[in-house]
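Trainee: Got a file for you: start-v1.tsv, TSV, C-alpha atoms.
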```
chain	number	residue	atom	x	y	z
D	1	MET	CA	34.57	35.32	53.51
D	2	ASN	CA	31.06	36.28	52.49
D	3	ALA	CA	31.71	39.96	53.08
D	4	LEU	CA	34.85	39.68	50.97
D	5	LEU	CA	32.89	38.07	48.11
D	6	ASN	CA	30.28	40.82	48.35
D	7	VAL	CA	33.00	43.45	48.09
D	8	TRP	CA	34.32	41.64	45.01
D	9	THR	CA	30.82	41.68	43.48
D	10	TRP	CA	30.47	45.40	44.16
D	11	ILE	CA	33.85	46.20	42.62
D	12	ALA	CA	33.48	43.99	39.55
D	13	VAL	CA	29.87	44.93	38.73
D	14	SER	CA	30.64	48.64	39.20
D	15	ALA	CA	33.66	48.34	36.92
D	16	GLY	CA	31.44	46.55	34.38
D	17	ALA	CA	28.88	49.34	34.63
D	18	ILE	CA	31.62	51.92	34.01
D	19	PHE	CA	32.62	50.08	30.84
D	20	PHE	CA	28.98	50.05	29.72
D	21	LEU	CA	28.73	53.78	30.40
D	22	ALA	CA	31.98	54.46	28.55
D	23	GLY	CA	30.83	52.26	25.65
D	24	THR	CA	27.53	54.11	25.42
D	25	VAL	CA	29.23	57.52	25.52
D	26	GLY	CA	31.58	56.31	22.80
D	27	LEU	CA	28.68	55.01	20.72
D	28	LEU	CA	27.04	58.42	20.91
D	29	ARG	CA	30.14	60.61	20.53
D	30	PHE	CA	32.56	58.82	18.18
D	31	PRO	CA	32.66	60.21	14.65
D	32	ASP	CA	32.30	57.14	12.36
D	33	SER	CA	30.97	53.59	12.28
D	34	LEU	CA	34.28	51.80	12.90
D	35	THR	CA	35.18	53.75	16.04
D	36	ARG	CA	31.60	53.37	17.26
D	37	LEU	CA	31.92	49.60	16.84
D	38	HIS	CA	35.12	49.76	18.87
D	39	ALA	CA	33.21	51.47	21.70
D	40	LEU	CA	30.41	48.93	21.50
D	41	THR	CA	32.69	45.91	21.79
D	42	LYS	CA	34.24	47.36	24.97
D	43	ALA	CA	30.78	47.44	26.56
D	44	ASP	CA	29.86	43.97	25.31
D	45	ASN	CA	33.04	42.07	26.09
D	46	LEU	CA	34.62	43.80	29.07
D	47	GLY	CA	31.49	45.32	30.60
D	48	LEU	CA	29.40	42.18	30.50
D	49	GLY	CA	32.44	40.06	31.39
D	50	LEU	CA	33.08	42.05	34.57
D	51	VAL	CA	29.39	41.96	35.50
D	52	VAL	CA	29.37	38.16	35.05
D	53	LEU	CA	32.61	37.76	37.03
D	54	GLY	CA	31.13	39.90	39.79
D	55	LEU	CA	27.91	37.90	39.91
D	56	LEU	CA	29.63	34.49	39.99
D	57	PRO	CA	30.03	34.41	43.83
D	58	GLN	CA	26.33	35.28	44.21
D	59	THR	CA	25.05	32.24	42.30
D	60	SER	CA	23.38	29.44	44.22
D	61	GLY	CA	25.16	26.61	42.45
D	62	ILE	CA	27.76	25.60	39.92
D	63	LEU	CA	25.07	25.20	37.21
D	64	ASP	CA	23.96	28.84	37.50
D	65	ALA	CA	27.58	29.96	37.33
D	66	VAL	CA	28.13	27.91	34.15
D	67	LYS	CA	24.97	29.43	32.65
D	68	LEU	CA	26.23	32.96	33.37
D	69	ILE	CA	29.57	32.19	31.73
D	70	ALA	CA	27.79	30.60	28.76
D	71	ILE	CA	25.73	33.78	28.30
D	72	TRP	CA	28.91	35.85	28.32
D	73	LEU	CA	30.57	33.59	25.74
D	74	LEU	CA	27.48	33.65	23.50
D	75	VAL	CA	27.25	37.45	23.67
D	76	MET	CA	30.95	37.69	22.80
D	77	LEU	CA	30.49	35.33	19.85
D	78	SER	CA	27.49	37.19	18.45
D	79	GLY	CA	28.92	40.64	19.25
D	80	ALA	CA	32.27	39.92	17.63
D	81	SER	CA	30.74	38.41	14.49
D	82	ILE	CA	28.15	41.16	14.05
D	83	SER	CA	30.89	43.77	14.46
D	84	GLN	CA	32.86	41.96	11.74
D	85	LEU	CA	29.84	41.96	9.42
D	86	ILE	CA	29.08	45.64	10.00
D	87	ALA	CA	32.76	46.59	9.62
D	88	HIS	CA	33.00	44.58	6.40
D	89	ARG	CA	29.96	46.40	5.03
D	90	VAL	CA	31.38	49.80	6.03
D	91	TRP	CA	34.67	48.93	4.33
D	92	MET	CA	32.92	47.74	1.14
D	93	ASP	CA	30.84	50.91	1.04
D	94	SER	CA	33.82	53.23	1.57
D	95	ASP	CA	36.00	51.54	-1.06
D	96	PRO	CA	34.02	50.71	-4.21
D	97	GLN	CA	37.08	49.12	-5.87
D	98	GLN	CA	36.84	46.07	-3.64
J	1	MET	CA	16.62	51.04	44.96
J	2	ILE	CA	14.53	48.57	42.98
J	3	ASP	CA	11.70	51.12	42.85
J	4	LEU	CA	14.10	53.63	41.36
J	5	LEU	CA	15.10	51.13	38.65
J	6	ASN	CA	11.45	50.37	37.91
J	7	VAL	CA	10.59	54.07	37.58
J	8	GLY	CA	13.61	54.47	35.30
J	9	LEU	CA	12.38	51.56	33.18
J	10	VAL	CA	8.90	53.08	32.85
J	11	VAL	CA	10.31	56.49	31.93
J	12	LEU	CA	12.55	54.87	29.30
J	13	ILE	CA	9.65	52.90	27.80
J	14	VAL	CA	7.30	55.88	27.59
J	15	GLY	CA	10.08	58.05	26.18
J	16	LEU	CA	11.00	55.43	23.58
J	17	ALA	CA	7.32	55.00	22.61
J	18	VAL	CA	6.99	58.77	22.00
J	19	TRP	CA	10.24	58.72	20.04
J	20	ILE	CA	8.98	55.86	17.81
J	21	ILE	CA	5.89	57.89	16.95
J	22	PHE	CA	7.89	60.98	16.02
J	23	ALA	CA	10.77	59.20	14.25
J	24	ARG	CA	10.93	60.41	10.65
J	25	GLU	CA	12.69	57.41	9.15
J	26	THR	CA	10.91	54.05	9.08
J	27	PHE	CA	14.16	52.20	9.77
J	28	SER	CA	15.00	54.18	12.92
J	29	ALA	CA	11.45	53.68	14.18
J	30	VAL	CA	11.82	49.91	13.65
J	31	VAL	CA	15.16	49.78	15.49
J	32	ALA	CA	13.62	51.72	18.37
J	33	PHE	CA	10.66	49.33	18.35
J	34	ILE	CA	13.01	46.36	18.82
J	35	ALA	CA	14.65	48.12	21.78
J	36	TYR	CA	11.14	48.82	23.07
J	37	GLY	CA	10.35	45.08	22.92
J	38	LEU	CA	13.50	44.28	24.90
J	39	LEU	CA	12.59	46.87	27.57
J	40	LEU	CA	9.11	45.33	27.78
J	41	THR	CA	10.83	41.98	28.36
J	42	LEU	CA	12.55	43.50	31.40
J	43	VAL	CA	9.19	44.79	32.65
J	44	TRP	CA	7.60	41.34	32.37
J	45	ALA	CA	10.58	39.79	34.13
J	46	GLN	CA	10.20	42.38	36.93
J	47	LEU	CA	6.50	41.41	37.21
J	48	ASN	CA	7.57	37.75	37.54
J	49	GLY	CA	5.86	36.90	34.25
J	50	ILE	CA	8.83	34.90	32.99
J	51	ASP	CA	6.73	33.07	30.35
J	52	VAL	CA	5.49	36.36	28.96
J	53	ALA	CA	8.99	37.83	29.15
J	54	LEU	CA	10.38	34.93	27.09
J	55	THR	CA	7.59	35.31	24.53
J	56	GLU	CA	8.07	39.07	24.33
J	57	ALA	CA	11.83	38.67	23.80
J	58	ALA	CA	11.42	35.93	21.17
J	59	ILE	CA	8.32	37.10	19.31
J	60	GLY	CA	7.69	40.75	20.27
J	61	GLY	CA	11.29	41.92	20.02
J	62	GLY	CA	12.97	39.31	17.84
J	63	LEU	CA	10.53	37.94	15.30
J	64	THR	CA	8.32	41.02	14.87
J	65	GLY	CA	11.46	43.14	14.81
J	66	ALA	CA	12.96	41.06	12.00
J	67	LEU	CA	9.67	41.20	10.06
J	68	LEU	CA	9.55	44.99	10.44
J	69	VAL	CA	13.22	45.39	9.41
J	70	GLY	CA	12.34	43.44	6.24
J	71	ALA	CA	9.30	45.66	5.66
J	72	ALA	CA	11.34	48.84	6.26
J	73	SER	CA	14.02	47.82	3.77
J	74	ARG	CA	11.33	47.17	1.16
J	75	LEU	CA	9.80	50.58	1.85
J	76	ARG	CA	13.15	52.36	1.51
J	77	LEU	CA	12.61	53.13	-2.19
J	78	THR	CA	9.31	54.87	-1.50
J	79	GLU	CA	10.50	56.53	1.71
J	80	ASN	CA	11.23	59.94	0.20
J	81	SER	CA	7.99	60.26	-1.71
J	82	ALA	CA	6.06	59.13	1.36
J	83	GLN	CA	7.76	61.79	3.47
J	84	ALA	CA	7.15	64.47	0.88
J	85	GLU	CA	3.41	63.84	1.18
J	86	GLN	CA	2.09	65.94	4.01
J	87	SER	CA	-1.20	64.87	5.49
J	88	GLY	CA	-3.56	67.69	6.46
J	89	ALA	CA	-3.77	69.11	9.96
J	90	ALA	CA	-7.32	67.79	10.37
J	91	LEU	CA	-6.19	64.21	9.65
J	92	LYS	CA	-3.28	64.50	12.08
J	93	TRP	CA	-5.55	65.80	14.85
J	94	LEU	CA	-8.06	63.05	14.11
J	95	ALA	CA	-5.34	60.36	14.37
J	96	ALA	CA	-3.99	61.89	17.58
J	97	GLY	CA	-7.53	62.14	18.99
J	98	VAL	CA	-8.43	58.52	18.21
J	99	SER	CA	-5.11	57.22	19.60
J	100	GLY	CA	-5.54	59.35	22.73
J	101	ALA	CA	-9.11	58.12	23.18
J	102	VAL	CA	-8.08	54.45	22.89
J	103	THR	CA	-5.23	54.99	25.36
J	104	SER	CA	-7.49	56.78	27.87
J	105	ALA	CA	-10.18	54.11	27.53
J	106	LEU	CA	-7.56	51.42	28.26
J	107	ALA	CA	-6.21	53.40	31.20
J	108	VAL	CA	-9.73	53.87	32.63
J	109	CYS	CA	-10.40	50.12	32.26
J	110	VAL	CA	-7.18	49.21	34.09
J	111	LEU	CA	-7.75	51.77	36.86
J	112	ALA	CA	-11.40	50.74	37.27
J	113	LEU	CA	-10.51	47.10	37.97
J	114	PRO	CA	-11.66	46.05	41.44
J	115	ASP	CA	-8.92	45.33	43.97
J	116	PRO	CA	-8.05	42.45	44.06
J	117	ALA	CA	-8.60	42.05	40.33
J	118	PRO	CA	-10.91	39.21	39.24
J	119	SER	CA	-8.75	36.17	38.65
J	120	LEU	CA	-9.08	32.52	37.73
J	121	ALA	CA	-5.64	31.80	39.16
J	122	GLN	CA	-7.16	30.03	42.18
J	123	GLU	CA	-9.10	27.63	40.00
J	124	VAL	CA	-6.06	26.98	37.80
J	125	ALA	CA	-4.03	26.17	40.92
J	126	ALA	CA	-6.81	23.90	42.20
J	127	ASN	CA	-7.14	21.94	38.95
J	128	ILE	CA	-3.60	21.92	37.59
J	129	ASP	CA	-2.89	18.43	38.99
J	130	ARG	CA	-5.51	16.94	36.69
J	131	THR	CA	-3.56	18.05	33.61
J	132	GLY	CA	-0.29	16.44	34.74
J	133	VAL	CA	1.56	19.63	33.74
J	134	GLY	CA	3.65	21.58	36.27
J	135	ASN	CA	3.74	25.04	34.65
J	136	PRO	CA	0.36	26.81	35.15
J	137	ILE	CA	0.88	28.85	31.95
J	138	THR	CA	1.22	25.67	29.89
J	139	ALA	CA	-1.81	24.19	31.67
J	140	VAL	CA	-3.88	27.25	30.68
J	141	LEU	CA	-2.56	27.29	27.11
J	142	LEU	CA	-3.01	23.60	26.37
J	143	ALA	CA	-5.74	22.39	28.72
J	144	PHE	CA	-8.01	25.10	30.12
J	145	ARG	CA	-7.87	27.42	27.10
J	146	ALA	CA	-6.62	25.00	24.44
J	147	MET	CA	-9.06	26.50	21.93
J	148	ASP	CA	-7.14	29.81	21.94
J	149	THR	CA	-3.86	28.06	21.28
J	150	LEU	CA	-5.41	26.02	18.46
J	151	LEU	CA	-6.76	29.18	16.82
J	152	GLU	CA	-3.37	30.91	17.24
J	153	ALA	CA	-1.63	28.09	15.39
J	154	ILE	CA	-4.25	28.22	12.62
J	155	VAL	CA	-4.00	32.02	12.35
J	156	LEU	CA	-0.24	31.71	11.81
J	157	LEU	CA	-0.86	29.19	9.03
J	158	PHE	CA	-3.35	31.59	7.41
J	159	ALA	CA	-0.80	34.39	7.70
J	160	LEU	CA	1.72	32.24	5.81
J	161	ILE	CA	-0.87	31.48	3.10
J	162	GLY	CA	-1.50	35.24	2.90
J	163	VAL	CA	2.22	35.92	2.41
J	164	TRP	CA	2.49	33.18	-0.24
J	165	SER	CA	-0.49	34.59	-2.10
J	166	LEU	CA	1.67	37.65	-2.89
J	167	THR	CA	3.94	35.46	-5.05
J	168	PRO	CA	4.26	36.62	-8.67
J	169	ASP	CA	2.72	34.01	-11.02
J	170	ARG	CA	6.01	33.05	-12.68
J	171	PHE	CA	7.62	32.19	-9.32
J	172	TRP	CA	4.68	30.27	-7.92
J	173	ALA	CA	5.95	27.03	-6.37
J	174	GLY	CA	9.44	28.57	-6.29
J	175	ARG	CA	11.78	29.15	-3.38
J	176	PRO	CA	11.01	31.95	-0.91
J	177	GLY	CA	13.41	34.82	-0.32
J	178	ILE	CA	16.37	35.85	-2.41
J	179	LYS	CA	19.31	33.62	-3.23
J	180	GLN	CA	21.96	34.12	-0.57
J	181	SER	CA	25.48	34.67	-1.77
J	182	ALA	CA	27.42	34.80	1.50
J	183	ASP	CA	31.08	33.85	1.46
J	184	PRO	CA	31.23	30.12	2.42
J	185	ASN	CA	34.43	30.81	4.40
J	186	GLY	CA	33.18	34.13	5.77
J	187	ILE	CA	32.32	35.11	9.29
J	188	LEU	CA	28.57	34.52	8.78
J	189	ALA	CA	29.12	30.90	7.76
J	190	TYR	CA	31.38	30.47	10.79
J	191	VAL	CA	28.74	31.86	13.16
J	192	ALA	CA	26.06	29.69	11.56
J	193	ARG	CA	28.22	26.60	12.07
J	194	VAL	CA	29.03	27.41	15.72
J	195	LEU	CA	25.78	29.01	16.85
J	196	ALA	CA	23.18	26.85	15.11
J	197	PRO	CA	23.91	23.62	17.06
J	198	LEU	CA	23.90	25.55	20.35
J	199	GLY	CA	20.72	27.37	19.38
J	200	ILE	CA	18.96	24.12	18.47
J	201	VAL	CA	19.83	22.67	21.90
J	202	VAL	CA	18.56	25.83	23.63
J	203	GLY	CA	15.37	25.87	21.52
J	204	VAL	CA	14.55	22.23	22.21
J	205	TYR	CA	15.37	22.74	25.90
J	206	ILE	CA	13.02	25.73	26.19
J	207	PHE	CA	10.32	23.70	24.42
J	208	TRP	CA	10.82	20.70	26.72
J	209	VAL	CA	10.95	22.54	30.08
J	210	GLY	CA	7.74	24.37	29.10
J	211	ALA	CA	5.75	21.56	30.74
J	212	ASP	CA	7.01	22.40	34.21
J	213	TYR	CA	8.92	25.71	34.03
J	214	PRO	CA	8.70	28.91	31.98
J	215	GLY	CA	9.15	28.10	28.31
J	216	GLY	CA	7.12	26.35	25.67
J	217	LYS	CA	6.67	25.64	22.02
J	218	PHE	CA	6.25	29.22	20.76
J	219	GLN	CA	9.47	30.46	22.34
J	220	GLY	CA	11.33	27.28	21.41
J	221	ALA	CA	10.01	27.35	17.85
J	222	THR	CA	11.09	30.98	17.46
J	223	ILE	CA	14.65	30.11	18.48
J	224	LEU	CA	14.70	27.11	16.11
J	225	ALA	CA	13.31	29.26	13.28
J	226	ALA	CA	16.02	31.86	13.96
J	227	MET	CA	18.70	29.16	13.71
J	228	TRP	CA	17.18	27.89	10.46
J	229	LEU	CA	17.20	31.43	9.05
J	230	LEU	CA	20.81	31.92	10.18
J	231	VAL	CA	21.89	28.77	8.34
J	232	MET	CA	20.02	29.89	5.20
J	233	MET	CA	21.43	33.45	5.39
J	234	ALA	CA	24.94	32.05	5.64
J	235	GLY	CA	24.28	30.14	2.42
J	236	LEU	CA	24.79	26.74	4.08
J	237	ALA	CA	21.28	25.57	3.13
J	238	ASP	CA	18.67	26.78	0.68
J	239	ALA	CA	15.05	27.55	1.41
J	240	PRO	CA	12.66	24.76	0.37
J	241	ALA	CA	10.43	25.28	-2.66
J	242	ILE	CA	6.93	26.00	-1.39
J	243	SER	CA	5.49	23.34	-3.70
J	244	ARG	CA	7.27	20.56	-1.80
J	245	ARG	CA	4.66	18.10	-0.55
J	246	THR	CA	6.67	17.15	2.56
J	247	LEU	CA	7.00	20.83	3.49
J	248	ARG	CA	3.27	21.42	3.19
J	249	MET	CA	2.49	18.30	5.20
J	250	ALA	CA	4.86	19.42	7.97
J	251	LEU	CA	3.18	22.83	7.97
J	252	VAL	CA	-0.33	21.46	8.58
J	253	LEU	CA	0.80	18.60	10.85
J	254	GLY	CA	0.52	20.57	14.10
J	255	PRO	CA	-2.96	22.08	13.57
J	256	VAL	CA	-4.30	18.78	12.14
J	257	VAL	CA	-3.09	16.74	15.11
J	258	PHE	CA	-4.47	19.40	17.47
J	259	ILE	CA	-7.92	19.29	15.79
J	260	ALA	CA	-7.89	15.47	15.68
J	261	ILE	CA	-7.21	15.29	19.41
J	262	GLY	CA	-9.95	17.88	19.89
J	263	PHE	CA	-12.47	15.60	18.18
J	264	LEU	CA	-11.09	12.63	20.11
J	265	GLY	CA	-12.16	14.60	23.18
J	266	VAL	CA	-15.73	14.77	21.85
J	267	ALA	CA	-15.83	10.99	21.65
J	268	SER	CA	-13.97	10.12	24.83
J	269	ALA	CA	-14.56	13.00	27.26
J	270	GLY	CA	-17.73	14.64	26.00
J	271	ALA	CA	-16.39	17.99	24.77
J	272	PHE	CA	-14.21	19.38	21.98
J	273	LEU	CA	-10.58	19.55	23.19
J	274	ALA	CA	-11.40	17.82	26.48
J	275	TYR	CA	-8.77	15.31	27.54
J	276	PRO	CA	-9.91	12.00	29.02
J	277	GLY	CA	-8.68	11.83	32.63
J	278	GLU	CA	-5.35	10.12	32.98
J	279	TYR	CA	-4.33	10.73	29.32
J	280	ALA	CA	-4.17	14.53	29.69
J	281	LYS	CA	-0.37	14.81	29.94
J	282	PRO	CA	0.45	12.38	27.08
J	283	LEU	CA	-2.10	14.08	24.79
J	284	ILE	CA	-0.69	17.52	25.64
J	285	LEU	CA	2.78	16.20	24.81
J	286	VAL	CA	1.58	14.81	21.47
J	287	ILE	CA	0.06	18.20	20.59
J	288	GLU	CA	3.24	20.03	21.61
J	289	PHE	CA	5.46	17.68	19.61
J	290	ALA	CA	3.24	18.02	16.54
J	291	LEU	CA	2.98	21.82	16.83
J	292	MET	CA	6.69	22.44	17.35
J	293	PRO	CA	7.95	21.62	13.81
J	294	SER	CA	4.92	23.26	12.19
J	295	LEU	CA	5.45	26.49	14.16
J	296	THR	CA	9.19	26.49	13.44
J	297	LEU	CA	8.56	26.17	9.71
J	298	ILE	CA	5.72	28.70	9.67
J	299	LEU	CA	7.72	31.35	11.58
J	300	GLY	CA	10.81	30.80	9.42
J	301	LEU	CA	8.86	30.90	6.15
J	302	LEU	CA	6.95	34.02	7.26
J	303	LEU	CA	10.27	35.82	7.60
J	304	LEU	CA	11.54	34.53	4.26
J	305	SER	CA	8.51	36.18	2.61
J	306	ALA	CA	6.93	35.22	-0.71
J	307	PRO	CA	8.85	33.25	-3.38
J	308	GLN	CA	10.96	35.53	-5.58
J	309	ARG	CA	12.75	32.94	-7.73
J	310	ALA	CA	12.08	29.66	-9.45
J	311	ALA	CA	12.59	26.34	-7.69
J	312	GLU	CA	15.53	25.42	-9.93
J	313	PRO	CA	18.65	27.54	-9.28
```
Starting from the file, lay out its structure as structure tokens.

Mentor:
Amino acid sequence: MNALLNVWTWIAVSAGAIFFLAGTVGLLRFPDSLTRLHALTKADNLGLGLVVLGLLPQTSGILDAVKLIAIWLLVMLSGASISQLIAHRVWMDSDPQQ
Amino acid sequence: MIDLLNVGLVVLIVGLAVWIIFARETFSAVVAFIAYGLLLTLVWAQLNGIDVALTEAAIGGGLTGALLVGAASRLRLTENSAQAEQSGAALKWLAAGVSGAVTSALAVCVLALPDPAPSLAQEVAANIDRTGVGNPITAVLLAFRAMDTLLEAIVLLFALIGVWSLTPDRFWAGRPGIKQSADPNGILAYVARVLAPLGIVVGVYIFWVGADYPGGKFQGATILAAMWLLVMMAGLADAPAISRRTLRMALVLGPVVFIAIGFLGVASAGAFLAYPGEYAKPLILVIEFALMPSLTLILGLLLLSAPQRAAEP
């Protein structure tokens, strides 16, 4: 059972790391702010989410697991709202009529 | 494996530091400095200095970063003229030489430390029971070296007075910062409504566990100040006018209580800031509870900068 959970951790954390890598490459290579934001949210939401899911079996108690999930939810909340704010600003700047 | 990660961390930090020095734009340098603070947080966590890591994340990366972003946006208008000015080669070499000398002197000092390095950790561990506090960092900050903490709190208050003294005469006693005009139904107001209650709980929790685990009033106060700023930025609350008597009393409350307890020590335990025997823990708690609101207000008001509008809207 333990070995199986460890395999799960390896798979999920590696997948999360791949999303972080892809998000970073996107952040560096995409042409404009909106597509760069798109890349960033993939790293934040999916990447961190997979890392958290992978680490859940390694926690020593239910409280630690809840803390990890809370961190993920908080990062998603702040990431999503900051992306909204930046995107709104980009949109305002590109269209002076609004 | 862990060694490899640590080496990677060091390489990143040194590389980022060099990049900050050579960055042409103030704003990019500031953004890199915030990332630098977060990397330093990881280093402190790797060294098991969780208290320092928390402080670095809250104050080094977060608060200082926000202050510098504010400074950079104010400097934006003069950015071009500042870049057009070229300092002479002699001045550049002098600056590089002095910086290099300071760095080498620090490196020599660190390398010349005897092994094991001189430490008072043993004595802290031997005497920590007498303070009634479980976290050795808190015991050092509020019992063994309480004087340093008192002076830190007073320095912050002086810094705020310094910022306020930059107020134009016509706005004296006005409200700090600019009037926020965020959409009351916008995303920022939503975040402020959802995040602020959570942040207040986290801030108070970090303050409270500081007695026995990593945490404490500075880190907690920074989080509370950030939540206060978030609510003000979202337009849900306005900054208080700096002439408000209650505000000023709250600002000096922490340092005044700290000094009063210090003098109480002269009378009851024979030295300034000494705690009489069994009352150490309650007195430390009183100081922490008095400092917490003062620090929160000071840190928040420092970021809001000097008043730029009258008290009446």

Trainee: Ranking J:Ala189, J:Leu39, J:Leu68, J:Ala32 by minimum distance to chain D and counting all atoms listed in the file, which one comes first?

Mentor: J:Ala189

Trainee: Can you work out which residues from chain D touch chain J at a cut-off of 9 Å (counting all atoms listed in the file) and hand them back as a PyMOL selection string?

Mentor: chain D and resi 74+77-78+81-82+84-85

Trainee: Based on the selection just made, write C-alpha atoms of those residues as a tab-separated table (two decimals), keeping the file's coordinate frame.

Mentor:
```tsv
chain	number	residue	atom	x	y	z
D	74	LEU	CA	27.48	33.65	23.50
D	77	LEU	CA	30.49	35.33	19.85
D	78	SER	CA	27.49	37.19	18.45
D	81	SER	CA	30.74	38.41	14.49
D	82	ILE	CA	28.15	41.16	14.05
D	84	GLN	CA	32.86	41.96	11.74
D	85	LEU	CA	29.84	41.96	9.42
```

Trainee: I'd like the interatomic distance between atom CA of Ile11 of chain D and atom CA of Ala35 of chain J, to a tenth of an Å.

Mentor: 28.4 Å

Trainee: Excluding segment 308-310 of chain J and residues on its chain fewer than 3 positions from it, collect all residues at most 6 Å away from it, counting all atoms listed in the file, and give them as a ChimeraX atom specification.

Mentor: /J:171,174-177

Trainee: Restricting the output to C-alpha atoms, write the selected residues as a CSV table (one decimal), keeping the file's coordinate frame.

Mentor:
```csv
chain,number,residue,atom,x,y,z
J,171,PHE,CA,7.6,32.2,-9.3
J,174,GLY,CA,9.4,28.6,-6.3
J,175,ARG,CA,11.8,29.2,-3.4
J,176,PRO,CA,11.0,32.0,-0.9
J,177,GLY,CA,13.4,34.8,-0.3
```

Trainee: Report, in Å with one decimal, the straight-line distance from atom CA of Thr41 of chain D to atom CA of Asp93 of chain D.

Mentor: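 Between atom CA of Thr41 of chain D and atom CA of Asp93 of chain D the gap works out to 21.4 Å.
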
Trainee: Please provide the set of residues having any atom within 10 Å of Ala267 of chain J, restricted to only C-alpha atoms, with same-chain residues fewer than 6 positions apart removed, written as a PyMOL selection string.

Mentor: chain J and resi 261+274+276

Trainee: Quick one: pull the distance between atom CA of Ala211 of chain J and atom CA of Trp228 of chain J, Å, one decimal.

Mentor: 24.1 Å

Trainee: Kindly extract all protein, DNA and RNA residues lying within 10 Å of the coordinates (11.9, 38.6, 26.1) given in the file, considering only C-alpha atoms, and supply them as a PyMOL selection string.

Mentor: chain J and resi 37-45+50-62+219

Trainee: Which neighbours of Gly79 of chain D fall inside 12 Å, counting only C-alpha atoms, when residues of the same chain fewer than 3 positions from it are skipped, and could you give them as number ranges by chain?

Mentor: D: 37-46, 48, 71-76, 82-87; J: 187, 191

Trainee: Neighbouring residues of segment 3-6 of chain D were defined as those with any atom within 8 Å, considering only C-alpha atoms; residues of the same chain fewer than 2 positions away were excluded. Please report them as JSON, numbers by chain.

Mentor: {"D": [1, 8, 9, 10, 57, 58]}

Trainee: For Gln122 of chain J, work out the shell of residues within 12 Å, counting all atoms listed in the file and skipping chain neighbours fewer than 5 positions away, then give it as a VMD selection string.

Mentor: chain J and resid 127 to 128 136

Trainee: Enclose segment 22-41 of chain J, meaning all of its atoms listed in the file, in a box aligned along x, y and z, pad it by 8 Å on each side, and list the centre and edge lengths in Å to one decimal, as lines of an AutoDock Vina configuration file.

Mentor:
```
center_x = 11.5
center_y = 51.5
center_z = 18.7
size_x = 23.3
size_y = 35.0
size_z = 35.3
```
